[in-house]
>>> print(open('my_file_36.txt').read())   # compact mmCIF, C-alpha atoms
# COMPACT_ATOMS: atom_id res chain seq x y z
CA MET A 19 14.12 -82.88 7.21
CA GLU A 20 11.19 -83.14 4.89
CA GLN A 21 11.62 -81.01 1.80
CA SER A 22 8.52 -79.64 0.19
CA ARG A 23 7.99 -77.04 -2.50
CA ARG A 24 6.19 -74.86 0.03
CA ARG A 25 9.03 -74.99 2.54
CA PHE A 26 11.63 -74.21 -0.12
CA LEU A 27 9.74 -71.13 -1.28
CA LYS A 28 9.43 -69.87 2.32
CA VAL A 29 13.17 -70.15 2.95
CA ALA A 30 14.01 -68.60 -0.41
CA GLY A 31 11.68 -65.66 0.30
CA ILE A 32 13.20 -64.93 3.69
CA ALA A 33 16.69 -65.17 2.23
CA ALA A 34 15.76 -62.69 -0.51
CA ILE A 35 14.47 -60.17 2.06
CA GLY A 36 17.67 -60.58 4.05
CA LEU A 37 19.87 -59.96 1.02
CA GLY A 38 17.86 -56.93 -0.01
CA ALA A 39 17.85 -55.38 3.44
CA ALA A 40 21.62 -55.52 4.03
CA PRO A 41 22.57 -52.71 1.61
CA ALA A 42 19.67 -50.57 2.82
CA ILE A 43 20.74 -50.96 6.44
CA ASN A 44 24.34 -50.22 5.57
CA PHE A 45 23.28 -47.12 3.68
CA ALA A 46 21.20 -45.82 6.56
CA ALA A 47 23.99 -46.55 9.03
CA SER A 48 26.67 -44.79 6.99
CA ASP A 49 24.54 -41.65 6.77
CA SER A 50 24.28 -41.27 10.52
CA HIS A 51 27.99 -40.69 11.14
CA GLY A 52 31.04 -39.67 9.13
CA PRO A 53 31.00 -36.25 7.48
CA GLY A 54 27.67 -35.47 9.16
CA ALA A 55 29.52 -34.48 12.32
CA ALA A 56 31.24 -31.56 10.64
CA ALA A 57 29.87 -28.07 11.25
CA LYS A 58 30.01 -24.72 9.50
CA VAL A 59 30.25 -21.79 11.87
CA LYS A 60 30.95 -18.08 11.91
CA ASN A 61 34.22 -16.53 12.91
CA GLU A 62 34.09 -15.48 16.57
CA ALA A 63 35.32 -11.99 15.76
CA ALA A 64 32.65 -11.44 13.09
CA LEU A 65 30.55 -8.27 13.34
CA HIS A 66 26.81 -8.82 13.54
CA ALA A 67 23.81 -6.64 12.87
CA GLU A 68 20.10 -7.09 12.54
CA ARG A 69 20.23 -4.86 9.51
CA TRP A 70 23.42 -3.20 8.31
CA GLY A 71 23.24 0.45 7.41
CA MET A 72 25.59 3.27 6.49
CA VAL A 73 25.68 6.97 7.22
CA ILE A 74 27.80 9.20 4.98
CA ASP A 75 28.61 12.68 6.18
CA ILE A 76 29.01 14.56 2.91
CA LYS A 77 30.32 17.69 4.63
CA LYS A 78 33.43 15.80 5.69
CA ILE A 79 34.26 14.60 2.19
CA ASP A 80 36.22 16.55 -0.39
CA ASP A 81 37.39 15.48 -3.85
CA THR A 82 40.69 14.02 -2.66
CA LEU A 83 39.04 11.99 0.07
CA ALA A 84 36.35 10.84 -2.35
CA ARG A 85 39.04 9.52 -4.68
CA LYS A 86 40.82 7.84 -1.78
CA ILE A 87 37.62 6.08 -0.70
CA SER A 88 36.87 4.79 -4.21
CA MET A 89 40.46 3.69 -4.68
CA ALA A 90 40.54 1.79 -1.38
CA CYS A 91 37.39 -0.12 -2.29
CA HIS A 92 38.24 -0.80 -5.91
CA LEU A 93 41.80 -1.83 -5.19
CA HIS A 94 40.88 -4.40 -2.56
CA HIS A 95 37.98 -5.84 -4.52
CA ASN A 96 39.93 -6.14 -7.77
CA VAL A 97 37.59 -3.79 -9.60
CA PRO A 98 39.06 -3.26 -13.08
CA ASP A 99 40.18 0.20 -14.14
CA PHE A 100 39.73 0.52 -17.88
CA THR A 101 42.15 3.43 -18.09
CA HIS A 102 44.87 1.04 -16.91
CA GLU A 103 47.40 0.24 -19.59
CA VAL A 104 47.13 -3.42 -20.54
CA ASP A 105 50.18 -5.65 -20.43
CA THR A 106 50.15 -6.69 -24.08
CA GLN A 107 52.52 -9.59 -23.51
CA LEU A 108 50.25 -11.22 -20.97
CA TYR A 109 47.00 -10.30 -22.72
CA PRO A 110 47.85 -9.83 -26.40
CA LYS A 111 44.32 -9.67 -27.80
CA THR A 112 42.83 -7.05 -25.50
CA ARG A 113 40.94 -4.27 -27.22
CA PRO A 114 40.31 -0.83 -25.69
CA VAL A 115 37.11 -0.44 -23.70
CA ASN A 116 34.05 1.68 -24.33
CA HIS A 117 33.67 4.11 -21.40
CA LYS A 118 30.07 2.99 -20.95
CA GLN A 119 31.36 -0.39 -19.82
CA GLU A 120 32.98 1.12 -16.73
CA ILE A 121 32.77 -0.91 -13.53
CA LYS A 122 32.40 0.76 -10.16
CA TRP A 123 31.38 -0.10 -6.63
CA ILE A 124 31.55 3.28 -4.89
CA TRP A 125 32.06 6.54 -6.70
CA LYS A 126 31.57 10.29 -6.63
CA GLU A 127 28.32 11.60 -8.10
CA LYS A 128 26.83 15.05 -8.60
CA PHE A 129 23.87 15.95 -6.41
CA HIS A 130 21.37 16.27 -9.26
CA TYR A 131 22.23 12.78 -10.50
CA ALA A 132 22.27 11.17 -7.09
CA PHE A 133 19.09 12.90 -5.92
CA PRO A 134 17.15 13.81 -9.10
CA ASP A 135 13.91 14.17 -7.13
CA LYS A 136 15.51 16.79 -4.86
CA GLU A 137 16.80 18.95 -7.72
CA ASP A 138 15.58 22.51 -7.52
CA GLU A 139 15.97 25.64 -9.57
CA PHE A 140 17.04 27.59 -6.51
CA LEU A 141 19.01 24.90 -4.78
CA ASN A 142 21.71 25.97 -2.35
CA GLU A 143 24.79 26.58 -4.50
CA LYS A 144 27.10 24.35 -2.46
CA PHE A 145 25.16 21.21 -3.34
CA HIS A 146 26.29 21.47 -6.93
CA HIS A 147 29.89 20.93 -5.88
CA LEU A 148 29.69 18.44 -3.04
CA PRO A 149 31.02 14.98 -3.89
CA PHE A 150 28.19 12.59 -3.08
CA MET A 151 29.61 9.12 -2.60
CA VAL A 152 27.12 6.66 -4.08
CA LEU A 153 27.13 2.89 -3.88
CA CYS A 154 24.71 0.00 -3.57
CA ASN A 155 22.05 1.05 -1.08
CA HIS A 156 21.45 -2.46 0.25
CA CYS A 157 17.73 -1.76 0.12
CA LYS A 158 15.30 -3.38 2.48
CA ASN A 159 12.94 -3.98 -0.47
CA ALA A 160 15.62 -4.53 -3.06
CA PRO A 161 14.19 -4.55 -6.59
CA CYS A 162 17.29 -6.33 -7.91
CA VAL A 163 16.62 -9.28 -5.62
CA GLN A 164 13.10 -9.60 -6.98
CA ALA A 165 14.33 -9.32 -10.55
CA CYS A 166 17.10 -11.91 -10.35
CA PRO A 167 15.88 -15.14 -11.99
CA THR A 168 18.59 -17.35 -10.49
CA GLN A 169 18.74 -15.92 -6.96
CA ALA A 170 22.31 -14.92 -7.61
CA THR A 171 21.36 -11.66 -5.92
CA PHE A 172 19.70 -12.15 -2.59
CA SER A 173 19.05 -10.36 0.69
CA ARG A 174 21.11 -11.78 3.47
CA GLU A 175 19.63 -12.11 6.97
CA ASP A 176 21.59 -9.08 8.14
CA GLY A 177 20.17 -6.85 5.38
CA ILE A 178 23.18 -6.98 3.06
CA VAL A 179 22.15 -7.42 -0.57
CA MET A 180 24.70 -9.98 -1.69
CA MET A 181 25.67 -11.50 -4.98
CA ASP A 182 26.70 -15.06 -5.64
CA TYR A 183 28.87 -14.54 -8.71
CA HIS A 184 28.91 -18.30 -9.29
CA ARG A 185 25.22 -18.21 -10.01
CA CYS A 186 24.99 -15.04 -12.06
CA ILE A 187 24.05 -15.80 -15.65
CA GLY A 188 24.58 -12.23 -16.82
CA CYS A 189 20.97 -11.50 -17.82
CA ARG A 190 21.26 -7.97 -16.33
CA PHE A 191 17.65 -7.87 -15.14
CA CYS A 192 19.05 -6.60 -11.83
CA MET A 193 20.74 -3.70 -13.59
CA ALA A 194 17.48 -2.73 -15.20
CA ALA A 195 15.69 -3.08 -11.87
CA CYS A 196 18.14 -1.07 -9.76
CA PRO A 197 16.99 2.56 -9.67
CA TYR A 198 20.43 3.72 -8.48
CA GLY A 199 22.67 2.40 -11.23
CA SER A 200 24.69 0.65 -8.57
CA ARG A 201 25.46 -2.37 -10.67
CA SER A 202 28.04 -2.90 -13.37
CA PHE A 203 28.33 -5.62 -15.94
CA ASN A 204 31.55 -7.33 -17.00
CA PHE A 205 31.37 -7.01 -20.74
CA ARG A 206 34.79 -8.60 -20.91
CA ASP A 207 37.39 -10.37 -18.83
CA PRO A 208 38.37 -7.82 -16.18
CA ARG A 209 41.76 -9.31 -15.42
CA PRO A 210 43.86 -7.41 -18.00
CA PHE A 211 42.62 -4.17 -16.47
CA ILE A 212 43.52 -4.93 -12.88
CA ASP A 213 46.80 -3.32 -12.01
CA GLU A 214 47.54 -5.19 -8.80
CA THR A 215 45.42 -8.23 -8.14
CA HIS A 216 44.59 -8.40 -4.47
CA PRO A 217 44.80 -11.97 -3.14
CA ASP A 218 42.11 -11.56 -0.47
CA PHE A 219 39.25 -11.22 -2.94
CA PRO A 220 38.52 -12.99 -6.22
CA THR A 221 38.24 -11.17 -9.51
CA ARG A 222 35.10 -11.59 -11.60
CA SER A 223 34.78 -13.26 -14.96
CA LYS A 224 33.29 -12.05 -18.19
CA GLY A 225 29.49 -12.08 -18.22
CA VAL A 226 28.62 -11.44 -14.57
CA VAL A 227 27.20 -8.39 -12.84
CA GLU A 228 28.97 -6.97 -9.83
CA LYS A 229 28.41 -4.37 -7.13
CA CYS A 230 29.30 -3.33 -3.60
CA ASN A 231 29.03 -6.22 -1.13
CA PHE A 232 29.21 -4.07 2.02
CA CYS A 233 32.61 -5.71 2.57
CA ALA A 234 30.92 -8.86 3.83
CA GLU A 235 34.30 -10.57 3.73
CA ARG A 236 35.69 -8.01 6.17
CA LEU A 237 32.69 -7.93 8.51
CA ALA A 238 33.14 -11.71 8.76
CA LYS A 239 36.63 -11.12 10.14
CA GLY A 240 35.49 -8.38 12.51
CA GLU A 241 36.91 -5.56 10.41
CA GLN A 242 35.28 -2.38 9.16
CA PRO A 243 34.56 -1.96 5.43
CA HIS A 244 37.35 -0.48 3.30
CA CYS A 245 35.43 2.74 2.58
CA VAL A 246 34.89 3.32 6.30
CA GLU A 247 38.60 2.88 7.02
CA ALA A 248 39.61 5.19 4.19
CA SER A 249 36.99 7.85 4.95
CA GLU A 250 38.61 9.44 8.02
CA GLY A 251 35.34 9.28 9.93
CA ALA A 252 33.04 10.51 7.17
CA ILE A 253 31.42 7.09 6.67
CA VAL A 254 30.01 5.05 9.53
CA VAL A 255 28.38 1.64 9.37
CA GLY A 256 26.31 -0.06 12.02
CA ASP A 257 23.08 -1.75 12.97
CA LEU A 258 20.00 0.21 11.90
CA GLU A 259 17.78 -1.86 14.17
CA ASP A 260 19.86 -1.21 17.28
CA PRO A 261 18.87 2.16 18.87
CA GLU A 262 22.27 2.34 20.61
CA SER A 263 24.36 1.85 17.49
CA ASP A 264 26.63 4.54 16.05
CA VAL A 265 24.54 4.94 12.93
CA ARG A 266 21.33 5.36 14.89
CA LYS A 267 22.97 7.99 17.09
CA LEU A 268 24.06 9.90 13.97
CA LEU A 269 20.58 9.60 12.49
CA LYS A 270 19.10 10.92 15.73
CA GLU A 271 21.36 13.98 15.74
CA HIS A 272 21.42 14.96 12.07
CA TYR A 273 19.02 15.59 9.25
CA THR A 274 19.64 12.88 6.66
CA ILE A 275 18.39 12.09 3.19
CA ARG A 276 18.22 8.87 1.22
CA ARG A 277 18.26 8.36 -2.53
CA LYS A 278 14.91 8.16 -4.36
CA GLN A 279 13.02 7.41 -1.16
CA SER A 280 9.67 7.77 -2.91
CA LEU A 281 10.26 4.50 -4.78
CA GLY A 282 9.82 2.55 -1.57
CA THR A 283 12.98 0.51 -1.83
CA GLU A 284 14.02 1.58 1.68
CA PRO A 285 17.73 2.23 1.09
CA SER A 286 20.08 1.57 3.99
CA VAL A 287 22.53 4.31 3.05
CA TYR A 288 21.86 7.71 4.62
CA TYR A 289 23.46 11.04 3.73
CA ILE A 290 24.10 13.85 6.18
CA VAL A 291 23.99 17.05 4.12
CA MET B 16 27.04 -69.05 -46.76
CA THR B 17 29.95 -71.19 -45.90
CA LYS B 18 31.21 -71.84 -42.44
CA ASN B 19 34.50 -70.13 -43.31
CA MET B 20 32.81 -66.89 -44.28
CA ILE B 21 30.89 -66.80 -41.00
CA MET B 22 33.99 -67.46 -38.93
CA GLY B 23 35.96 -64.86 -40.90
CA GLY B 24 33.22 -62.28 -40.45
CA LEU B 25 33.08 -63.00 -36.71
CA ALA B 26 36.86 -62.57 -36.42
CA VAL B 27 36.70 -59.19 -38.19
CA PHE B 28 33.78 -58.15 -35.98
CA VAL B 29 35.61 -59.05 -32.76
CA LEU B 30 38.73 -57.23 -33.91
CA ALA B 31 36.72 -54.14 -34.78
CA VAL B 32 34.70 -54.11 -31.56
CA LEU B 33 37.78 -54.43 -29.41
CA SER B 34 39.69 -51.82 -31.42
CA PRO B 35 40.02 -49.37 -28.48
CA PHE B 36 41.87 -52.07 -26.57
CA TRP B 37 44.21 -52.76 -29.48
CA PHE B 38 44.75 -49.03 -29.84
CA ASN B 39 45.69 -48.70 -26.19
CA MET B 40 48.02 -51.68 -26.41
CA VAL B 41 50.12 -50.14 -29.16
CA THR B 42 50.11 -46.54 -27.86
CA THR B 43 51.60 -45.60 -24.53
CA THR B 44 49.22 -44.35 -21.85
CA GLN B 45 50.04 -41.87 -19.15
CA ALA B 46 49.97 -43.20 -15.63
CA ALA B 47 47.42 -41.53 -13.39
CA PRO B 48 49.11 -38.84 -11.30
CA GLU B 49 49.67 -39.87 -7.70
CA PRO B 50 48.57 -37.12 -5.30
CA GLU B 51 51.33 -36.29 -2.85
CA LEU B 52 51.40 -34.14 0.24
CA LEU B 53 53.89 -31.31 -0.02
CA GLY B 54 55.02 -28.38 2.09
CA PRO B 55 52.80 -27.36 5.00
CA ALA B 56 50.24 -30.05 4.11
CA LYS B 57 52.81 -32.75 4.84
CA GLN B 58 53.57 -31.41 8.29
CA ALA B 59 50.06 -30.35 9.25
CA LYS B 60 48.67 -33.84 9.89
CA LYS B 61 45.11 -32.58 9.97
CA CYS B 62 42.75 -33.27 7.14
CA VAL B 63 39.44 -31.78 6.08
CA LEU B 64 38.07 -35.21 5.14
CA ASP B 65 39.41 -38.76 4.84
CA THR B 66 41.46 -39.33 1.72
CA TYR B 67 38.78 -41.49 0.17
CA ASP B 68 35.94 -39.03 0.87
CA MET B 69 38.06 -36.16 -0.36
CA ARG B 70 38.83 -37.89 -3.63
CA THR B 71 35.24 -38.84 -4.33
CA SER B 72 33.40 -35.78 -3.08
CA HIS B 73 35.67 -32.73 -2.82
CA MET B 74 33.54 -31.07 -5.47
CA SER B 75 30.34 -31.32 -3.47
CA LEU B 76 32.24 -30.23 -0.37
CA LEU B 77 33.42 -27.12 -2.20
CA ASP B 78 29.88 -26.53 -3.42
CA GLU B 79 28.58 -26.69 0.17
CA TRP B 80 31.35 -24.38 1.33
CA ARG B 81 30.52 -21.83 -1.31
CA ASP B 82 26.86 -21.70 -0.31
CA ALA B 83 27.77 -21.53 3.38
CA VAL B 84 30.18 -18.64 2.87
CA VAL B 85 28.19 -16.59 0.38
CA ARG B 86 24.66 -17.20 1.63
CA ASP B 87 24.91 -17.92 5.35
CA ALA B 88 28.13 -15.99 6.09
CA ASP B 89 29.53 -19.08 7.83
CA ARG B 90 33.20 -19.08 6.98
CA ILE B 91 34.73 -21.62 9.34
CA TYR B 92 34.45 -25.36 8.72
CA VAL B 93 34.88 -27.51 11.81
CA ALA B 94 35.71 -30.93 10.42
CA ALA B 95 34.52 -34.20 11.89
CA ASN B 96 37.98 -34.63 13.45
CA GLY B 97 37.63 -31.32 15.30
CA HIS B 98 40.05 -29.22 13.26
CA ALA B 99 38.80 -25.86 11.98
CA PHE B 100 39.45 -24.64 8.45
CA ASN B 101 38.83 -21.43 6.61
CA MET B 102 36.26 -22.19 3.89
CA SER B 103 38.21 -20.49 1.17
CA LEU B 104 40.15 -21.61 -1.87
CA SER B 105 43.00 -19.22 -1.55
CA THR B 106 42.76 -16.60 1.18
CA GLY B 107 44.98 -17.09 4.18
CA GLU B 108 47.05 -19.95 5.54
CA ASN B 109 44.08 -21.98 6.65
CA SER B 110 42.52 -22.16 3.18
CA CYS B 111 42.88 -24.89 0.53
CA LEU B 112 45.89 -23.38 -1.19
CA GLY B 113 47.20 -21.98 2.07
CA CYS B 114 48.10 -25.52 3.09
CA HIS B 115 48.36 -27.31 -0.24
CA GLU B 116 50.61 -24.67 -1.72
CA ASP B 117 51.32 -26.17 -5.11
CA LYS B 118 48.19 -25.68 -7.20
CA ALA B 119 49.76 -27.38 -10.22
CA LYS B 120 50.16 -30.61 -8.25
CA PHE B 121 47.22 -30.31 -5.88
CA CYS B 122 44.53 -29.34 -8.40
CA ASP B 123 45.73 -29.31 -11.96
CA ALA B 124 47.56 -32.64 -12.21
CA CYS B 125 44.44 -34.78 -11.69
CA HIS B 126 42.06 -32.40 -13.43
CA THR B 127 44.22 -32.38 -16.53
CA TYR B 128 44.56 -36.15 -16.47
CA THR B 129 40.81 -36.65 -16.25
CA SER B 130 40.05 -33.83 -18.70
CA VAL B 131 38.12 -31.90 -16.11
CA ASP B 132 38.13 -28.15 -16.55
CA PRO B 133 36.61 -26.44 -13.50
CA TYR B 134 36.31 -22.68 -13.79
CA CYS B 135 37.37 -21.87 -10.23
CA TRP B 136 40.48 -20.00 -11.31
CA ASP B 137 38.68 -17.77 -13.79
CA CYS B 138 37.89 -15.65 -10.76
CA HIS B 139 39.72 -17.02 -7.75
CA THR B 140 43.40 -16.23 -7.68
CA ASN B 141 46.37 -18.32 -6.74
CA PRO B 142 48.43 -16.09 -4.44
CA LYS B 143 51.59 -17.66 -5.86
CA GLU B 144 50.70 -16.59 -9.38
CA ILE B 145 50.12 -12.94 -8.59
CA GLU B 146 53.32 -11.19 -9.52
>>> encode(input="my_file_36.txt", output="structure tokens")
Amino acid sequence: MEQSRRRFLKVAGIAAIGLGAAPAINFAASDSHGPGAAAKVKNEAALHAERWGMVIDIKKIDDTLARKISMACHLHHNVPDFTHEVDTQLYPKTRPVNHKQEIKWIWKEKFHYAFPDKEDEFLNEKFHHLPFMVLCNHCKNAPCVQACPTQATFSREDGIVMMDYHRCIGCRFCMAACPYGSRSFNFRDPRPFIDETHPDFPTRSKGVVEKCNFCAERLAKGEQPHCVEASEGAIVVGDLEDPESDVRKLLKEHYTIRRKQSLGTEPSVYYIV
Amino acid sequence: MTKNMIMGGLAVFVLAVLSPFWFNMVTTTQAAPEPELLGPAKQAKKCVLDTYDMRTSHMSLLDEWRDAVVRDADRIYVAANGHAFNMSLSTGENSCLGCHEDKAKFCDACHTYTSVDPYCWDCHTNPKEIE
């Protein structure tokens, strides 16, 4: 075969293309199978809603029940209790906590704090004593979601305002934005102040904000939120967008109020008074 | 400069440059921990990923799982081999630690060896460690 410079360059060029293409083809081929076939799905028993909402019948709640509801929630979500006596052997350097650093997800509030715009000089006397259970309102137009610079707080498709604690940088813009004071900041490691750590839910770490998550972890298993289970029928959750749902039926039958409605955040927690 | 000085300087240079190797030859090094399957994981015979993929990319898998659970509310992972797993570090039998029960061997041994310090357990709890 006659060898020429021209012929040699041609063959060398084709060989170079061939060598270069092999890894590219292999790469493309390996992407099309393997882990790509795996899927992430929801539990079959999971409860669904277009937009989750809650109705709290305040008339059915007394002080004991209010405490029981808070306890049920805080216990299962490993919310620290700063009155808890610290185990000094396990956590030797723990200092006592300022009461302003309290962490809470659902708690009892006085009417004039929960509904400052509905305060009145001649308000029905009973309102001053009723235990209003307040928690994150899971607003439709949540100001905390807009304030969060890292999208650690976000509105889920089903209306739950969720937090991704992994992403929270602790800037506390959300706390400033929330008109309901529903958010608490971990000024310190909460673990020394948790009496019994519940294995079904993580604790938080120092430097993140936390709040009610509408028991998303329980809805995913098809179970009702802890507060609903503890409330003996005083708290009901359901789909606000479904006219046949339990919450919509309650809303149809009773006069309800929401917290600071005039701000336009569209809270999803309703109170029967 | 004489030839001897150059050769001597070169010898010192080579010795100095290769000093980490000399250091490692005189000190004893720890052998890399060998991952082993224990308890339920040994009997289960169903894996989330192939061993190789798991070793190289378990961190990105966990990252994907976290986003799926927190953001999309998808909590079940159906692996390529058809088995379903609970996308959770520690809750329930079908989670990571539910099957690989010994956290010290399953997580910590390699992480300590490679000086990796993930902060998973600052918040997540090992059910075995809760008294």
>>> residues_around(input="my_file_36.txt", residues="Pro217 (chain A)", least_positions_apart="6", cutoff="7 Å", atoms="all atoms listed in the file", output="list of chain:residue names")
B:Thr106, B:Thr140, B:Pro142
>>> residues_around(input="my_file_36.txt", residues="Phe203 (chain A)", least_positions_apart="5", cutoff="7 Å", atoms="only C-alpha atoms", output="list of chain:residue names")
A:Ile121, A:Gly225, A:Val226, A:Val227, A:Glu228
>>> residues_around(input="my_file_36.txt", residues="Cys125 (chain B)", least_positions_apart="4", cutoff="9 Å", atoms="all atoms listed in the file", output="MDAnalysis selection string")
chainID B and resid 47:50 120:121 129:131
>>> write_last_selection(input="my_file_36.txt", atoms="C-alpha atoms", output="mmCIF file, in the frame of the given file")
data_model
loop_
_atom_site.group_PDB
_atom_site.id
_atom_site.type_symbol
_atom_site.label_atom_id
_atom_site.label_comp_id
_atom_site.auth_asym_id
_atom_site.auth_seq_id
_atom_site.Cartn_x
_atom_site.Cartn_y
_atom_site.Cartn_z
ATOM 1 C CA ALA B 47 47.420 -41.530 -13.390
ATOM 2 C CA PRO B 48 49.110 -38.840 -11.300
ATOM 3 C CA GLU B 49 49.670 -39.870 -7.700
ATOM 4 C CA PRO B 50 48.570 -37.120 -5.300
ATOM 5 C CA LYS B 120 50.160 -30.610 -8.250
ATOM 6 C CA PHE B 121 47.220 -30.310 -5.880
ATOM 7 C CA THR B 129 40.810 -36.650 -16.250
ATOM 8 C CA SER B 130 40.050 -33.830 -18.700
ATOM 9 C CA VAL B 131 38.120 -31.900 -16.110
#
>>> closest_atom_pairs(input="my_file_36.txt", of="chain A", to="chain B", cutoff="7 Å", atoms="all atoms listed in the file", output="JSON lines")
{"residue": "A:Pro53", "atom": "CA", "partner": "B:Ala95", "partner_atom": "CA", "distance": 6.0}
{"residue": "A:Ala55", "atom": "CA", "partner": "B:Ala95", "partner_atom": "CA", "distance": 5.0}
{"residue": "A:Ala56", "atom": "CA", "partner": "B:Ala95", "partner_atom": "CA", "distance": 4.4}
{"residue": "A:Ala57", "atom": "CA", "partner": "B:Val93", "partner_atom": "CA", "distance": 5.1}
{"residue": "A:Lys58", "atom": "CA", "partner": "B:Tyr92", "partner_atom": "CA", "distance": 4.6}
{"residue": "A:Val59", "atom": "CA", "partner": "B:Asp89", "partner_atom": "CA", "distance": 4.9}
{"residue": "A:Lys60", "atom": "CA", "partner": "B:Asp89", "partner_atom": "CA", "distance": 4.4}
{"residue": "A:Asn61", "atom": "CA", "partner": "B:Ile91", "partner_atom": "CA", "distance": 6.2}
{"residue": "A:Arg174", "atom": "CA", "partner": "B:Arg86", "partner_atom": "CA", "distance": 6.7}
{"residue": "A:Asp182", "atom": "CA", "partner": "B:Val85", "partner_atom": "CA", "distance": 6.4}
{"residue": "A:Thr215", "atom": "CA", "partner": "B:Ile145", "partner_atom": "CA", "distance": 6.7}
{"residue": "A:Pro217", "atom": "CA", "partner": "B:Pro142", "partner_atom": "CA", "distance": 5.6}
{"residue": "A:Asp218", "atom": "CA", "partner": "B:Thr106", "partner_atom": "CA", "distance": 5.3}
{"residue": "A:Pro220", "atom": "CA", "partner": "B:His139", "partner_atom": "CA", "distance": 4.5}
{"residue": "A:Thr221", "atom": "CA", "partner": "B:Cys138", "partner_atom": "CA", "distance": 4.7}
{"residue": "A:Arg222", "atom": "CA", "partner": "B:Cys138", "partner_atom": "CA", "distance": 5.0}
{"residue": "A:Ser223", "atom": "CA", "partner": "B:Cys138", "partner_atom": "CA", "distance": 5.7}
>>> residues_around(input="my_file_36.txt", residues="region 148-161 of chain A", least_positions_apart="2", cutoff="7 Å", atoms="only C-alpha atoms", output="compact mmCIF listing (two decimals) with C-alpha atoms, keeping the file's coordinate frame")
# COMPACT_ATOMS: atom_id res chain seq x y z
CA ILE A 76 29.01 14.56 2.91
CA ILE A 79 34.26 14.60 2.19
CA ASP A 80 36.22 16.55 -0.39
CA ASP A 81 37.39 15.48 -3.85
CA ALA A 84 36.35 10.84 -2.35
CA TRP A 123 31.38 -0.10 -6.63
CA ILE A 124 31.55 3.28 -4.89
CA TRP A 125 32.06 6.54 -6.70
CA LYS A 126 31.57 10.29 -6.63
CA GLU A 127 28.32 11.60 -8.10
CA LYS A 128 26.83 15.05 -8.60
CA PHE A 129 23.87 15.95 -6.41
CA LYS A 144 27.10 24.35 -2.46
CA PHE A 145 25.16 21.21 -3.34
CA HIS A 146 26.29 21.47 -6.93
CA VAL A 163 16.62 -9.28 -5.62
CA GLN A 164 13.10 -9.60 -6.98
CA ALA A 165 14.33 -9.32 -10.55
CA GLY A 177 20.17 -6.85 5.38
CA ILE A 178 23.18 -6.98 3.06
CA VAL A 179 22.15 -7.42 -0.57
CA ALA A 195 15.69 -3.08 -11.87
CA CYS A 196 18.14 -1.07 -9.76
CA SER A 200 24.69 0.65 -8.57
CA LYS A 229 28.41 -4.37 -7.13
CA CYS A 230 29.30 -3.33 -3.60
CA THR A 283 12.98 0.51 -1.83
CA GLU A 284 14.02 1.58 1.68
CA PRO A 285 17.73 2.23 1.09
CA SER A 286 20.08 1.57 3.99
CA VAL A 287 22.53 4.31 3.05
>>> atom_distance(input="my_file_36.txt", atom1="CA of Glu51 (chain B)", atom2="CA of Glu116 (chain B)")
11.7 Å
>>> atom_distance(input="my_file_36.txt", atom1="CA of Ala64 (chain A)", atom2="CA of Gln242 (chain A)")
10.2 Å
>>> atom_distance(input="my_file_36.txt", atom1="CA of Tyr109 (chain A)", atom2="CA of Arg185 (chain A)")
26.4 Å
>>> closest_residue(input="my_file_36.txt", among="A:His216, A:Arg25, A:Arg206, A:His147", to="Asn96 (chain A)", atoms="all atoms listed in the file")
A:His216
>>> closest_residue(input="my_file_36.txt", among="A:Thr171, A:Arg24, A:Ala248, A:Pro197", to="Lys86 (chain A)", atoms="all atoms listed in the file")
A:Ala248
>>> residues_around(input="my_file_36.txt", residues="Val255 (chain A)", least_positions_apart="4", cutoff="10 Å", atoms="all atoms listed in the file", output="ChimeraX atom specification")
/A:70-74,232,242-243,245-246,263-266,286-287
